[in-house]
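Structure record follows, encoded as structure tokens.
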Amino acid sequence: MGRRGGSEPPGTAIDPGDDGADSSAPAPYNSGMSANTVGGRPDAPQSPPPRTLLGGLAPASFLQRHWHKEPRLVRGAVPGFAGLATRAELRALAERDDVESRLVVRDGARWSLAWGPFRRADWKALPARDWTLLVQGVNLHLPAADRLLRRFSFVPWARLDDLMVSDAAPGGGVGPHFDSYDVFLLQGNGRRRWRWGRQDDLALRPGLPVKILRRFQPSADTVLGPGDMLYLPPQYAHDGVAVDDCTTWSIGFRAPAATELAQAFLDHLRDTVELPGRYADPDLKPTTAPARVDVAMQRRVTTMLEAIRWRREDVARFLGAWLSEPKPSVFFTPPEPPLARAAFARRAAAKGVALDARTQMLFDDANLFVNGETLRWPEGDRTGLERLANDRALSAGVAAGLSAASLALLHDWYRDGWLHPASA
């Protein structure tokens, strides 16, 4: 099958990704930074991603042709990209108890899986090849990784999950598998061989600590180098194996199962539903089978539970709060000592503000959702707060024009560590 520099696998959409530029001299990757930034994030409205990122396609065309439908391989999707962290830096993250990490090692036909946090001694015990370190949520800890993740803003924040990094020795991988969500696989340093294809048989090999397909039938085979990117829709079987020491930066998306959504919504109802009355049976008759739950009792309880109702507004409030809820491993660091409200307002008006990388801020027509909390829009400042949610930052000029009520809200978030005055 095809290799980089040779023929490419048939049936796969491929684009050199130069968007008409001189591909012989790619511009170096700059983590999405520009001269107009606040706290490491743009203070202007988010612009669409460059066509290079999607292989010459505008976001609308990509979503129509590929999203949930067909893979897309883009050579030079991020020119000059070779990763955003060294192996030592990734290992340091994996040693932290607030970072989710896994180590997968293959020894012939045997596989082992270990969960972090790891110790420095664990790295010394690694073999020379056939291992992979997976570090989840790197965007929460490296500003450059967060900026990379936000380049995919053509997909709603509510669908965006996190940036995971796979650091692998030669031969390292997690075996042939499939994901239940969309994923962009951006190659950092080194090379990784990817094989992938659509298949109906998704049965897994039993008795393994990792989920590996029992039968793998790839239809495409190629090698990705620095800056190359492969998009795969959900349920596509794929297998990535490191050709040499390499990192792969995976942009993943949320795709909750219907059961997961239902369970979360039922939990929400448990905390919010109020039904009048109490169980009663004034027409109770003597029984000769006291252990029996009789039909009359079942009917009464059925009638009581049928009083549970919800409206679209209830679902909307649940959904926004649930989607913005931080993961269990996320912790915020309040400022110490915090600025008083007046000093915070002066700083915001002079420098602007930016959301913490761990903060998730969403909204709908009626509500603001911030880190699992549901709030009504403050009077008058909807435009500024929408901009903060979309761009994750406000310029000094916009912050200076906020009302006292909105500034008080932002000050509360600042005291919780959810938002920071820009440093420059």
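Following the order of the structure tokens, first chain is A, next is B, and so on, with residues numbered from 1 inside each chain and ligands from 1 in the order they appear.
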| request: Would you mind listing what lies within 7 Å of A:Gln136 as a list of chain:residue names, with only C-alpha atoms counted and same-chain residues fewer than 3 positions away left out? | output: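 Close residues of A:Gln136: A:Val99, A:Glu100, A:Ser101, A:Leu163, A:Met164, A:Val165.
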Would you export the selected residues with C-alpha atoms as a compact mmCIF listing (two decimals), in the first residue's frame, please?
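Contents of selection-v2.txt, as written:
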```
# COMPACT_ATOMS: atom_id res chain seq x y z
CA VAL A 99 -3.65 14.02 34.75
CA GLU A 100 -5.14 10.85 33.26
CA SER A 101 -2.47 8.67 31.66
CA LEU A 163 -6.31 16.73 23.20
CA MET A 164 -4.61 13.41 23.92
CA VAL A 165 -0.97 12.73 23.15
```
| task | Give me the residues within 12 Å of A:Leu93 as number ranges by chain, counting only C-alpha atoms and dropping any in the same chain fewer than 4 places off. | result | A: 85-89, 97-102, 116-120, 133-142, 164-165
Output N, CA and C atoms for every residue in the selection just made, as a PDB file, in the first residue's frame.
```
ATOM      1  N   ALA A  85       5.515  19.340  23.069  1.00  0.00           N
ATOM      2  CA  ALA A  85       6.130  18.975  24.350  1.00  0.00           C
ATOM      3  C   ALA A  85       7.169  17.900  24.113  1.00  0.00           C
ATOM      4  N   THR A  86       8.198  17.920  24.918  1.00  0.00           N
ATOM      5  CA  THR A  86       9.223  16.889  24.838  1.00  0.00           C
ATOM      6  C   THR A  86       8.748  15.629  25.554  1.00  0.00           C
ATOM      7  N   ARG A  87       9.455  14.553  25.336  1.00  0.00           N
ATOM      8  CA  ARG A  87       9.132  13.313  26.045  1.00  0.00           C
ATOM      9  C   ARG A  87       9.226  13.515  27.551  1.00  0.00           C
ATOM     10  N   ALA A  88      10.210  14.252  28.005  1.00  0.00           N
ATOM     11  CA  ALA A  88      10.356  14.493  29.442  1.00  0.00           C
ATOM     12  C   ALA A  88       9.165  15.274  29.983  1.00  0.00           C
ATOM     13  N   GLU A  89       8.675  16.243  29.214  1.00  0.00           N
ATOM     14  CA  GLU A  89       7.532  17.038  29.660  1.00  0.00           C
ATOM     15  C   GLU A  89       6.255  16.196  29.710  1.00  0.00           C
ATOM     16  N   ASP A  97      -1.124  13.438  39.647  1.00  0.00           N
ATOM     17  CA  ASP A  97      -2.359  12.730  39.971  1.00  0.00           C
ATOM     18  C   ASP A  97      -3.597  13.435  39.430  1.00  0.00           C
ATOM     19  N   ASP A  98      -3.426  14.623  38.837  1.00  0.00           N
ATOM     20  CA  ASP A  98      -4.569  15.308  38.232  1.00  0.00           C
ATOM     21  C   ASP A  98      -4.559  15.178  36.708  1.00  0.00           C
ATOM     22  N   VAL A  99      -3.736  14.271  36.184  1.00  0.00           N
ATOM     23  CA  VAL A  99      -3.651  14.021  34.752  1.00  0.00           C
ATOM     24  C   VAL A  99      -3.918  12.538  34.507  1.00  0.00           C
ATOM     25  N   GLU A 100      -4.840  12.248  33.601  1.00  0.00           N
ATOM     26  CA  GLU A 100      -5.139  10.853  33.264  1.00  0.00           C
ATOM     27  C   GLU A 100      -4.116  10.352  32.249  1.00  0.00           C
ATOM     28  N   SER A 101      -3.493   9.225  32.551  1.00  0.00           N
ATOM     29  CA  SER A 101      -2.471   8.672  31.661  1.00  0.00           C
ATOM     30  C   SER A 101      -2.490   7.152  31.719  1.00  0.00           C
ATOM     31  N   ARG A 102      -2.018   6.556  30.621  1.00  0.00           N
ATOM     32  CA  ARG A 102      -1.956   5.095  30.522  1.00  0.00           C
ATOM     33  C   ARG A 102      -0.674   4.707  29.806  1.00  0.00           C
ATOM     34  N   GLY A 116      -1.693   5.682  35.199  1.00  0.00           N
ATOM     35  CA  GLY A 116      -0.962   6.625  36.014  1.00  0.00           C
ATOM     36  C   GLY A 116      -1.734   7.014  37.263  1.00  0.00           C
ATOM     37  N   PRO A 117      -1.161   7.833  38.151  1.00  0.00           N
ATOM     38  CA  PRO A 117       0.120   8.506  37.943  1.00  0.00           C
ATOM     39  C   PRO A 117       1.306   7.552  38.064  1.00  0.00           C
ATOM     40  N   PHE A 118       2.348   7.840  37.272  1.00  0.00           N
ATOM     41  CA  PHE A 118       3.530   7.004  37.242  1.00  0.00           C
ATOM     42  C   PHE A 118       4.647   7.626  38.085  1.00  0.00           C
ATOM     43  N   ARG A 119       5.692   6.835  38.280  1.00  0.00           N
ATOM     44  CA  ARG A 119       6.881   7.304  38.990  1.00  0.00           C
ATOM     45  C   ARG A 119       8.044   7.352  38.015  1.00  0.00           C
ATOM     46  N   ARG A 120       9.046   8.141  38.347  1.00  0.00           N
ATOM     47  CA  ARG A 120      10.206   8.226  37.462  1.00  0.00           C
ATOM     48  C   ARG A 120      10.850   6.863  37.245  1.00  0.00           C
ATOM     49  N   LEU A 133       2.906   5.655  25.627  1.00  0.00           N
ATOM     50  CA  LEU A 133       2.382   6.423  26.755  1.00  0.00           C
ATOM     51  C   LEU A 133       1.272   7.329  26.231  1.00  0.00           C
ATOM     52  N   LEU A 134       0.083   7.228  26.809  1.00  0.00           N
ATOM     53  CA  LEU A 134      -1.057   8.049  26.419  1.00  0.00           C
ATOM     54  C   LEU A 134      -1.337   9.044  27.536  1.00  0.00           C
ATOM     55  N   VAL A 135      -1.316  10.319  27.199  1.00  0.00           N
ATOM     56  CA  VAL A 135      -1.562  11.382  28.175  1.00  0.00           C
ATOM     57  C   VAL A 135      -2.811  12.135  27.736  1.00  0.00           C
ATOM     58  N   GLN A 136      -3.843  12.092  28.577  1.00  0.00           N
ATOM     59  CA  GLN A 136      -5.146  12.673  28.252  1.00  0.00           C
ATOM     60  C   GLN A 136      -5.214  14.133  28.725  1.00  0.00           C
ATOM     61  N   GLY A 137      -6.028  14.936  28.034  1.00  0.00           N
ATOM     62  CA  GLY A 137      -6.300  16.297  28.490  1.00  0.00           C
ATOM     63  C   GLY A 137      -5.085  17.189  28.554  1.00  0.00           C
ATOM     64  N   VAL A 138      -4.153  17.037  27.605  1.00  0.00           N
ATOM     65  CA  VAL A 138      -2.945  17.859  27.624  1.00  0.00           C
ATOM     66  C   VAL A 138      -3.290  19.333  27.440  1.00  0.00           C
ATOM     67  N   ASN A 139      -4.403  19.600  26.773  1.00  0.00           N
ATOM     68  CA  ASN A 139      -4.833  20.992  26.572  1.00  0.00           C
ATOM     69  C   ASN A 139      -5.140  21.715  27.876  1.00  0.00           C
ATOM     70  N   LEU A 140      -5.400  20.971  28.942  1.00  0.00           N
ATOM     71  CA  LEU A 140      -5.693  21.593  30.235  1.00  0.00           C
ATOM     72  C   LEU A 140      -4.437  22.067  30.946  1.00  0.00           C
ATOM     73  N   HIS A 141      -3.270  21.647  30.458  1.00  0.00           N
ATOM     74  CA  HIS A 141      -2.038  21.916  31.187  1.00  0.00           C
ATOM     75  C   HIS A 141      -0.975  22.635  30.354  1.00  0.00           C
ATOM     76  N   LEU A 142      -1.069  22.580  29.038  1.00  0.00           N
ATOM     77  CA  LEU A 142      -0.125  23.265  28.176  1.00  0.00           C
ATOM     78  C   LEU A 142      -0.870  24.313  27.356  1.00  0.00           C
ATOM     79  N   MET A 164      -5.393  14.502  23.341  1.00  0.00           N
ATOM     80  CA  MET A 164      -4.612  13.414  23.921  1.00  0.00           C
ATOM     81  C   MET A 164      -3.331  13.248  23.113  1.00  0.00           C
ATOM     82  N   VAL A 165      -2.250  12.935  23.810  1.00  0.00           N
ATOM     83  CA  VAL A 165      -0.970  12.728  23.148  1.00  0.00           C
ATOM     84  C   VAL A 165      -0.528  11.289  23.350  1.00  0.00           C
TER      85      VAL A 165
END
```
| field | Contacts of A:Ala405 at 10 Å (only C-alpha atoms; same-chain gap of 3+ positions) as a PyMOL selection string | value | chain A and resi 378-381+402+408-411
| said: So that I can check the surroundings of stretch 325-336 of chain A, please list as a list in words every protein, DNA and RNA residue that reaches within 6 Å of it, counting only C-alpha atoms and ignoring chain neighbours fewer than 3 positions away. | reply: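 Here the answer would be Asp98, Trp322, Asn371, Gly372, Arg415, Asp416 and Gly417 of chain A.
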Please tabulate, as CSV, the residues of stretch 282-355 of chain A that come within 8 Å of stretch 419-422 of chain A, each with its closest pair of atoms and the distance in Å to one decimal, counting only C-alpha atoms and ordering rows by chain, then residue number upward.
```
residue,atom,partner,partner_atom,distance
A:Phe344,CA,A:Pro421,CA,7.5
A:Arg347,CA,A:Pro421,CA,6.5
A:Ala348,CA,A:Pro421,CA,5.7
A:Lys351,CA,A:Ala422,CA,5.5
A:Gly352,CA,A:Ala422,CA,5.4
A:Val353,CA,A:Pro421,CA,4.3
A:Ala354,CA,A:His420,CA,5.5
A:Leu355,CA,A:Leu419,CA,4.3
```
Export, as a compact mmCIF listing (two decimals), in the first residue's frame, the selected residues with N, CA and C atoms.
```
# COMPACT_ATOMS: atom_id res chain seq x y z
N PHE A 344 -10.06 44.37 40.23
CA PHE A 344 -10.26 43.43 39.13
C PHE A 344 -10.85 44.14 37.92
N ARG A 347 -8.19 46.18 36.21
CA ARG A 347 -7.26 45.32 35.48
C ARG A 347 -7.90 44.80 34.20
N ALA A 348 -9.17 44.38 34.28
CA ALA A 348 -9.86 43.86 33.11
C ALA A 348 -9.99 44.95 32.04
N LYS A 351 -6.35 45.40 30.59
CA LYS A 351 -5.65 44.28 29.95
C LYS A 351 -6.57 43.28 29.26
N GLY A 352 -7.85 43.23 29.64
CA GLY A 352 -8.73 42.18 29.14
C GLY A 352 -8.75 40.99 30.07
N VAL A 353 -9.54 39.98 29.72
CA VAL A 353 -9.65 38.77 30.53
C VAL A 353 -9.65 37.55 29.60
N ALA A 354 -9.32 36.39 30.16
CA ALA A 354 -9.34 35.13 29.41
C ALA A 354 -9.84 34.02 30.32
N LEU A 355 -10.61 33.12 29.76
CA LEU A 355 -11.06 31.95 30.51
C LEU A 355 -9.88 31.03 30.79
```
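With only C-alpha atoms as the atoms that count, the minimum distance from A:Ala316 to the choices A:Ala291, A:Val243, A:Ala366, A:Ala343 is reached by A:Ala366.
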| message | One number please: atom CA of A:Gly227 to atom CA of A:Pro156, in Å, one decimal. | response |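 Interatomic distance here is 23.6 Å.
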